[in-house]
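Asker: The structure follows.
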Amino acid sequence: MAADVIDGKAFAAKVRGQVAEHVAALKEAHDLQPGLAVVLVGSDPASEVYVRSKGKMTVEVGMKSVEHRLEADTSEADLLAVIDQLNNDPTIHGILCQLPLPGHLDEDLVINSIDPAKDVDGFHISNVGLLGTGQKAMVPCTPLGCLMMLRDYHGSLSGMDAVVIGRSNIVGKPMANLLLGDSCTVTIAHSRTKDLAEVVGRADIVVAAVGRPEMVPGDWIKEGATVIDVGINRIERDGKKKLVGDVDYDSCAARAGAITPVPGGVGPMTIACLLANTLTAACRANNLPEPKGLTA
Ligand SMILES: Nc1nc(=O)c2c([nH]1)NC[C@@H]1CN(c3ccc(C(=O)N[C@@H](CCC(=O)O)C(=O)O)cc3)C=[N+]21
């Protein structure tokens, strides 16, 4: 039986529609417009694409969008000054500093200089700690998007066996915390895991977030499992540029019960959740009720 394809692109459009409705209501009732600032240091072509796409969708949902483009050789002090200015700008509710940063900048220091209440990436240590202890946090966009798709498809995740492949701070670890919060039995696998095939084979839910093209073959997947593919890898095959995930799509789709495609799966949900987080941050900053269904 062929797997259900979880349409992240359509789901993301629905989420953005819900965000837009809330934004319109905030304007109407409170004359409040959520604002998102994106800071980009240097000009990585892939980053440019994401930043442009984020800006366009921010405006589409009725929010204020601000972009700060800084030279690749910007000093740490100058970058921190930009962040400080955004921290103190009452019209800005969300700040995203595009990663990776050029090598001379200390990523941890920069991220932790963002006001945690405006940290719509959920990367600040304060938000990491809040999420890890089950308290109200800003939740990283990609794992939040994955969680929304899983909840939408399964309803309750309680008691399911989930395997997260990858232990990064931006996807693997927060994803594991979110699944734990929804009462899954969670395993985090990584490059040193012994017998990855066996570990993956036990999972009802597989989240692949390693950044290695098509590294999960279908014969690892338990029949009927749900496969969430976080990978976005640019490869060249038969002389053509292609975007592929971390799972081998065709063979995994043949075994899985449901699977997210690349492109059109997790990626669009990441941006939708960035907008949802900005809305949530604006509501919290103004002591207004948070939108339902758009937070963890
Ligand atoms: N502080 C920070 N926060 C981020 O969230 C962040 C970041 N830095 N640095 C770069 C990565 C990458 N990222 C993506 C977002 C959307 C798509 C997306 O929408 N992809 C589409 C199209 C992909 C394409 O055609 O290139 C898809 O998968 O269907 C991809 C990648 C957010 N990132």
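As shown in the structure tokens, the chain order sets the letters A, B, ...; within each chain, residues go from 1, and ligands are also counted from 1 in the order they appear.
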Which residues of range 105-162 of chain A come within 12 Å of range 22-39 of chain A, and what is each one's closest atom pair and distance in Å (one decimal), counting only C-alpha atoms, sorted by chain and residue number, as a Markdown table?
Answerer:
| residue | atom | partner | partner_atom | distance |
| --- | --- | --- | --- | --- |
| A:Val110 | CA | A:Val39 | CA | 11.2 |
| A:Ile111 | CA | A:Val39 | CA | 11.3 |
| A:Ile114 | CA | A:Val39 | CA | 11.4 |
| A:Lys118 | CA | A:Leu36 | CA | 9.0 |
| A:Asp119 | CA | A:Leu36 | CA | 10.3 |
| A:Val120 | CA | A:Leu36 | CA | 8.8 |
| A:Asp121 | CA | A:Val38 | CA | 10.7 |
Asker: Got time to write the residues from that selection, N, CA and C atoms, as a tab-separated table (two decimals), in the first residue's frame?
Answerer:
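Produced file selection_8.tsv, reproduced below:
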chain	number	residue	atom	x	y	z
A	110	VAL	N	25.72	35.58	19.99
A	110	VAL	CA	24.78	36.40	19.22
A	110	VAL	C	23.33	35.98	19.52
A	111	ILE	N	23.07	34.67	19.46
A	111	ILE	CA	21.71	34.16	19.71
A	111	ILE	C	21.25	34.55	21.11
A	114	ILE	N	19.70	38.01	21.89
A	114	ILE	CA	18.33	38.34	21.48
A	114	ILE	C	17.42	38.25	22.72
A	118	LYS	N	11.51	37.73	22.23
A	118	LYS	CA	11.45	38.02	20.79
A	118	LYS	C	12.17	36.95	19.97
A	119	ASP	N	12.66	35.91	20.64
A	119	ASP	CA	13.46	34.86	20.00
A	119	ASP	C	12.55	33.86	19.28
A	120	VAL	N	12.05	34.25	18.12
A	120	VAL	CA	11.07	33.42	17.41
A	120	VAL	C	11.68	32.15	16.82
A	121	ASP	N	13.02	32.04	16.83
A	121	ASP	CA	13.68	30.79	16.46
A	121	ASP	C	13.67	29.79	17.62
Asker: Can I get the residues of chain A within 7 Å of ligand 1, each with the closest pair of atoms and their distance in Å to one decimal, using only C-alpha atoms and all ligand atoms, sorted chain first then ascending number, as JSON lines?
Answerer:
{"residue": "A:Lys9", "atom": "CA", "partner": "ligand 1", "partner_atom_place_in_ligand_line": "29 (O)", "distance": 6.9}
{"residue": "A:Ser47", "atom": "CA", "partner": "ligand 1", "partner_atom_place_in_ligand_line": "10 (C)", "distance": 5.9}
{"residue": "A:Tyr50", "atom": "CA", "partner": "ligand 1", "partner_atom_place_in_ligand_line": "15 (C)", "distance": 5.8}
{"residue": "A:Leu96", "atom": "CA", "partner": "ligand 1", "partner_atom_place_in_ligand_line": "1 (N)", "distance": 5.3}
{"residue": "A:Cys97", "atom": "CA", "partner": "ligand 1", "partner_atom_place_in_ligand_line": "1 (N)", "distance": 4.9}
{"residue": "A:Gln98", "atom": "CA", "partner": "ligand 1", "partner_atom_place_in_ligand_line": "8 (N)", "distance": 3.8}
{"residue": "A:Leu99", "atom": "CA", "partner": "ligand 1", "partner_atom_place_in_ligand_line": "8 (N)", "distance": 3.9}
{"residue": "A:Pro100", "atom": "CA", "partner": "ligand 1", "partner_atom_place_in_ligand_line": "9 (N)", "distance": 6.2}
{"residue": "A:Asp121", "atom": "CA", "partner": "ligand 1", "partner_atom_place_in_ligand_line": "3 (N)", "distance": 5.8}
{"residue": "A:Cys141", "atom": "CA", "partner": "ligand 1", "partner_atom_place_in_ligand_line": "5 (O)", "distance": 6.3}
{"residue": "A:Thr142", "atom": "CA", "partner": "ligand 1", "partner_atom_place_in_ligand_line": "5 (O)", "distance": 6.8}
{"residue": "A:Ile232", "atom": "CA", "partner": "ligand 1", "partner_atom_place_in_ligand_line": "28 (O)", "distance": 6.5}
{"residue": "A:Val262", "atom": "CA", "partner": "ligand 1", "partner_atom_place_in_ligand_line": "28 (O)", "distance": 5.4}
{"residue": "A:Pro263", "atom": "CA", "partner": "ligand 1", "partner_atom_place_in_ligand_line": "29 (O)", "distance": 3.3}
{"residue": "A:Gly264", "atom": "CA", "partner": "ligand 1", "partner_atom_place_in_ligand_line": "29 (O)", "distance": 3.5}
{"residue": "A:Gly265", "atom": "CA", "partner": "ligand 1", "partner_atom_place_in_ligand_line": "29 (O)", "distance": 5.7}
{"residue": "A:Val266", "atom": "CA", "partner": "ligand 1", "partner_atom_place_in_ligand_line": "28 (O)", "distance": 6.0}
{"residue": "A:Gly267", "atom": "CA", "partner": "ligand 1", "partner_atom_place_in_ligand_line": "18 (C)", "distance": 3.5}
{"residue": "A:Pro268", "atom": "CA", "partner": "ligand 1", "partner_atom_place_in_ligand_line": "19 (O)", "distance": 3.9}
{"residue": "A:Thr270", "atom": "CA", "partner": "ligand 1", "partner_atom_place_in_ligand_line": "16 (C)", "distance": 5.5}
{"residue": "A:Ile271", "atom": "CA", "partner": "ligand 1", "partner_atom_place_in_ligand_line": "16 (C)", "distance": 5.5}
Asker: May I have the selected residues written with N, CA and C atoms, as a PDB file, in the first residue's frame?
Answerer:
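To be explicit, this is the file written out as again.pdb:
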ATOM      1  N   LYS A   9       3.040  21.757   2.133  1.00  0.00           N
ATOM      2  CA  LYS A   9       2.809  23.028   1.448  1.00  0.00           C
ATOM      3  C   LYS A   9       1.376  23.502   1.679  1.00  0.00           C
ATOM      4  N   SER A  47      20.587  31.312   1.708  1.00  0.00           N
ATOM      5  CA  SER A  47      20.015  32.157   2.753  1.00  0.00           C
ATOM      6  C   SER A  47      19.199  33.301   2.151  1.00  0.00           C
ATOM      7  N   TYR A  50      15.720  32.093   1.294  1.00  0.00           N
ATOM      8  CA  TYR A  50      14.857  31.921   2.462  1.00  0.00           C
ATOM      9  C   TYR A  50      14.419  33.258   3.016  1.00  0.00           C
ATOM     10  N   LEU A  96      14.874  37.221  14.057  1.00  0.00           N
ATOM     11  CA  LEU A  96      15.538  36.006  13.574  1.00  0.00           C
ATOM     12  C   LEU A  96      16.886  36.403  12.998  1.00  0.00           C
ATOM     13  N   CYS A  97      17.929  35.828  13.523  1.00  0.00           N
ATOM     14  CA  CYS A  97      19.260  36.041  12.968  1.00  0.00           C
ATOM     15  C   CYS A  97      19.617  34.792  12.177  1.00  0.00           C
ATOM     16  N   GLN A  98      19.690  34.976  10.862  1.00  0.00           N
ATOM     17  CA  GLN A  98      19.868  33.819   9.977  1.00  0.00           C
ATOM     18  C   GLN A  98      21.187  33.092  10.258  1.00  0.00           C
ATOM     19  N   LEU A  99      21.103  31.790  10.417  1.00  0.00           N
ATOM     20  CA  LEU A  99      22.285  30.950  10.631  1.00  0.00           C
ATOM     21  C   LEU A  99      22.582  30.157   9.362  1.00  0.00           C
ATOM     22  N   PRO A 100      23.786  29.724   9.120  1.00  0.00           N
ATOM     23  CA  PRO A 100      24.973  29.955   9.936  1.00  0.00           C
ATOM     24  C   PRO A 100      25.516  31.375   9.779  1.00  0.00           C
ATOM     25  N   ASP A 121      13.018  32.040  16.830  1.00  0.00           N
ATOM     26  CA  ASP A 121      13.677  30.788  16.461  1.00  0.00           C
ATOM     27  C   ASP A 121      13.670  29.792  17.619  1.00  0.00           C
ATOM     28  N   CYS A 141      11.091  26.605  15.034  1.00  0.00           N
ATOM     29  CA  CYS A 141      10.069  26.536  13.973  1.00  0.00           C
ATOM     30  C   CYS A 141       9.997  25.180  13.272  1.00  0.00           C
ATOM     31  N   THR A 142      11.138  24.594  12.938  1.00  0.00           N
ATOM     32  CA  THR A 142      11.105  23.339  12.182  1.00  0.00           C
ATOM     33  C   THR A 142      10.501  22.198  13.010  1.00  0.00           C
ATOM     34  N   ILE A 232      17.036  18.964   3.658  1.00  0.00           N
ATOM     35  CA  ILE A 232      16.941  19.705   2.392  1.00  0.00           C
ATOM     36  C   ILE A 232      18.338  19.706   1.800  1.00  0.00           C
ATOM     37  N   VAL A 262       9.990  16.104  -0.057  1.00  0.00           N
ATOM     38  CA  VAL A 262      10.947  17.216  -0.146  1.00  0.00           C
ATOM     39  C   VAL A 262      11.120  17.525  -1.620  1.00  0.00           C
ATOM     40  N   PRO A 263      10.848  18.744  -2.082  1.00  0.00           N
ATOM     41  CA  PRO A 263      10.311  19.871  -1.306  1.00  0.00           C
ATOM     42  C   PRO A 263       8.816  19.696  -1.030  1.00  0.00           C
ATOM     43  N   GLY A 264       8.240  20.644  -0.319  1.00  0.00           N
ATOM     44  CA  GLY A 264       6.798  20.643  -0.105  1.00  0.00           C
ATOM     45  C   GLY A 264       6.358  19.937   1.158  1.00  0.00           C
ATOM     46  N   GLY A 265       7.300  19.646   2.051  1.00  0.00           N
ATOM     47  CA  GLY A 265       6.947  19.000   3.316  1.00  0.00           C
ATOM     48  C   GLY A 265       7.236  19.920   4.488  1.00  0.00           C
ATOM     49  N   VAL A 266       8.352  19.616   5.162  1.00  0.00           N
ATOM     50  CA  VAL A 266       8.725  20.343   6.374  1.00  0.00           C
ATOM     51  C   VAL A 266       9.102  21.807   6.089  1.00  0.00           C
ATOM     52  N   GLY A 267       9.787  22.053   4.976  1.00  0.00           N
ATOM     53  CA  GLY A 267      10.293  23.405   4.670  1.00  0.00           C
ATOM     54  C   GLY A 267       9.230  24.497   4.759  1.00  0.00           C
ATOM     55  N   PRO A 268       8.128  24.363   4.018  1.00  0.00           N
ATOM     56  CA  PRO A 268       7.084  25.400   4.082  1.00  0.00           C
ATOM     57  C   PRO A 268       6.492  25.550   5.488  1.00  0.00           C
ATOM     58  N   THR A 270       8.143  25.272   8.236  1.00  0.00           N
ATOM     59  CA  THR A 270       9.102  26.042   9.035  1.00  0.00           C
ATOM     60  C   THR A 270       8.778  27.534   8.960  1.00  0.00           C
ATOM     61  N   ILE A 271       8.528  28.015   7.761  1.00  0.00           N
ATOM     62  CA  ILE A 271       8.234  29.446   7.602  1.00  0.00           C
ATOM     63  C   ILE A 271       6.862  29.782   8.208  1.00  0.00           C
TER      64      ILE A 271
END
Asker: CA of Leu147 in chain A and CA of Leu274 in chain A, how far apart in Å?
Answerer: 13.9 Å
Asker: I need the residues in range 223-277 of chain A that are alpha helix (DSSP H) according to DSSP; give them as a PDB file with N, CA and C atoms, in the first residue's frame.
Answerer:
ATOM      1  N   TYR A 249      13.170   8.647  -0.735  1.00  0.00           N
ATOM      2  CA  TYR A 249      11.714   8.837  -0.762  1.00  0.00           C
ATOM      3  C   TYR A 249      10.957   7.619  -1.299  1.00  0.00           C
ATOM      4  N   ASP A 250      11.342   7.143  -2.467  1.00  0.00           N
ATOM      5  CA  ASP A 250      10.538   6.091  -3.111  1.00  0.00           C
ATOM      6  C   ASP A 250      10.487   4.811  -2.277  1.00  0.00           C
ATOM      7  N   SER A 251      11.644   4.375  -1.798  1.00  0.00           N
ATOM      8  CA  SER A 251      11.646   3.122  -1.025  1.00  0.00           C
ATOM      9  C   SER A 251      10.975   3.311   0.340  1.00  0.00           C
ATOM     10  N   CYS A 252      11.124   4.499   0.954  1.00  0.00           N
ATOM     11  CA  CYS A 252      10.468   4.737   2.247  1.00  0.00           C
ATOM     12  C   CYS A 252       8.953   4.867   2.067  1.00  0.00           C
ATOM     13  N   ALA A 253       8.529   5.511   0.991  1.00  0.00           N
ATOM     14  CA  ALA A 253       7.085   5.670   0.741  1.00  0.00           C
ATOM     15  C   ALA A 253       6.425   4.315   0.508  1.00  0.00           C
ATOM     16  N   ALA A 254       7.195   3.365  -0.001  1.00  0.00           N
ATOM     17  CA  ALA A 254       6.642   2.031  -0.267  1.00  0.00           C
ATOM     18  C   ALA A 254       6.341   1.267   1.035  1.00  0.00           C
ATOM     19  N   ARG A 255       7.015   1.622   2.120  1.00  0.00           N
ATOM     20  CA  ARG A 255       6.829   0.931   3.399  1.00  0.00           C
ATOM     21  C   ARG A 255       6.008   1.735   4.393  1.00  0.00           C
ATOM     22  N   VAL A 266       8.352  19.616   5.162  1.00  0.00           N
ATOM     23  CA  VAL A 266       8.725  20.343   6.374  1.00  0.00           C
ATOM     24  C   VAL A 266       9.102  21.807   6.089  1.00  0.00           C
ATOM     25  N   GLY A 267       9.787  22.053   4.976  1.00  0.00           N
ATOM     26  CA  GLY A 267      10.293  23.405   4.670  1.00  0.00           C
ATOM     27  C   GLY A 267       9.230  24.497   4.759  1.00  0.00           C
ATOM     28  N   PRO A 268       8.128  24.363   4.018  1.00  0.00           N
ATOM     29  CA  PRO A 268       7.084  25.400   4.082  1.00  0.00           C
ATOM     30  C   PRO A 268       6.492  25.550   5.488  1.00  0.00           C
ATOM     31  N   MET A 269       6.429  24.446   6.249  1.00  0.00           N
ATOM     32  CA  MET A 269       5.910  24.514   7.623  1.00  0.00           C
ATOM     33  C   MET A 269       6.834  25.324   8.529  1.00  0.00           C
ATOM     34  N   THR A 270       8.143  25.272   8.236  1.00  0.00           N
ATOM     35  CA  THR A 270       9.102  26.042   9.035  1.00  0.00           C
ATOM     36  C   THR A 270       8.778  27.534   8.960  1.00  0.00           C
ATOM     37  N   ILE A 271       8.528  28.015   7.761  1.00  0.00           N
ATOM     38  CA  ILE A 271       8.234  29.446   7.602  1.00  0.00           C
ATOM     39  C   ILE A 271       6.862  29.782   8.208  1.00  0.00           C
ATOM     40  N   ALA A 272       5.890  28.902   8.018  1.00  0.00           N
ATOM     41  CA  ALA A 272       4.564  29.141   8.614  1.00  0.00           C
ATOM     42  C   ALA A 272       4.673  29.242  10.137  1.00  0.00           C
ATOM     43  N   CYS A 273       5.522  28.394  10.740  1.00  0.00           N
ATOM     44  CA  CYS A 273       5.685  28.417  12.196  1.00  0.00           C
ATOM     45  C   CYS A 273       6.460  29.639  12.661  1.00  0.00           C
ATOM     46  N   LEU A 274       7.334  30.146  11.820  1.00  0.00           N
ATOM     47  CA  LEU A 274       8.018  31.401  12.153  1.00  0.00           C
ATOM     48  C   LEU A 274       6.990  32.531  12.291  1.00  0.00           C
ATOM     49  N   LEU A 275       6.030  32.547  11.396  1.00  0.00           N
ATOM     50  CA  LEU A 275       4.977  33.572  11.454  1.00  0.00           C
ATOM     51  C   LEU A 275       4.075  33.329  12.662  1.00  0.00           C
ATOM     52  N   ALA A 276       3.763  32.059  12.915  1.00  0.00           N
ATOM     53  CA  ALA A 276       2.942  31.716  14.089  1.00  0.00           C
ATOM     54  C   ALA A 276       3.657  32.154  15.367  1.00  0.00           C
ATOM     55  N   ASN A 277       4.974  31.923  15.441  1.00  0.00           N
ATOM     56  CA  ASN A 277       5.745  32.320  16.626  1.00  0.00           C
ATOM     57  C   ASN A 277       5.768  33.833  16.789  1.00  0.00           C
TER      58      ASN A 277
END
Asker: Name all residues at most 8 Å from Val227 in chain A (count only C-alpha atoms; drop same-chain ones fewer than 3 positions away) and give them as a list in words.
Answerer: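 Result of the neighbour search: Ile205, Val206, Val207, Ala208, Cys252, Ala256, Ala258, Ile259 and Thr260 of chain A.
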Asker: Go ahead and write the selection's residues with N, CA and C atoms as a compact mmCIF listing (two decimals), in the first residue's frame.
Answerer:
# COMPACT_ATOMS: atom_id res chain seq x y z
N ILE A 205 7.17 6.54 14.55
CA ILE A 205 7.43 7.85 13.96
C ILE A 205 8.93 7.98 13.75
N VAL A 206 9.35 8.30 12.54
CA VAL A 206 10.76 8.55 12.25
C VAL A 206 10.91 10.00 11.81
N VAL A 207 11.75 10.76 12.51
CA VAL A 207 12.06 12.13 12.08
C VAL A 207 13.53 12.14 11.68
N ALA A 208 13.79 12.38 10.40
CA ALA A 208 15.17 12.36 9.90
C ALA A 208 15.68 13.78 9.74
N CYS A 252 11.12 4.50 0.95
CA CYS A 252 10.47 4.74 2.25
C CYS A 252 8.95 4.87 2.07
N ALA A 256 6.16 3.08 4.34
CA ALA A 256 5.57 3.94 5.37
C ALA A 256 4.05 3.98 5.24
N ALA A 258 2.68 6.99 6.19
CA ALA A 258 2.60 8.40 5.79
C ALA A 258 4.01 8.96 5.71
N ILE A 259 4.20 9.93 4.81
CA ILE A 259 5.55 10.49 4.59
C ILE A 259 5.45 11.93 4.11
N THR A 260 6.43 12.75 4.51
CA THR A 260 6.48 14.13 4.01
C THR A 260 7.44 14.19 2.83
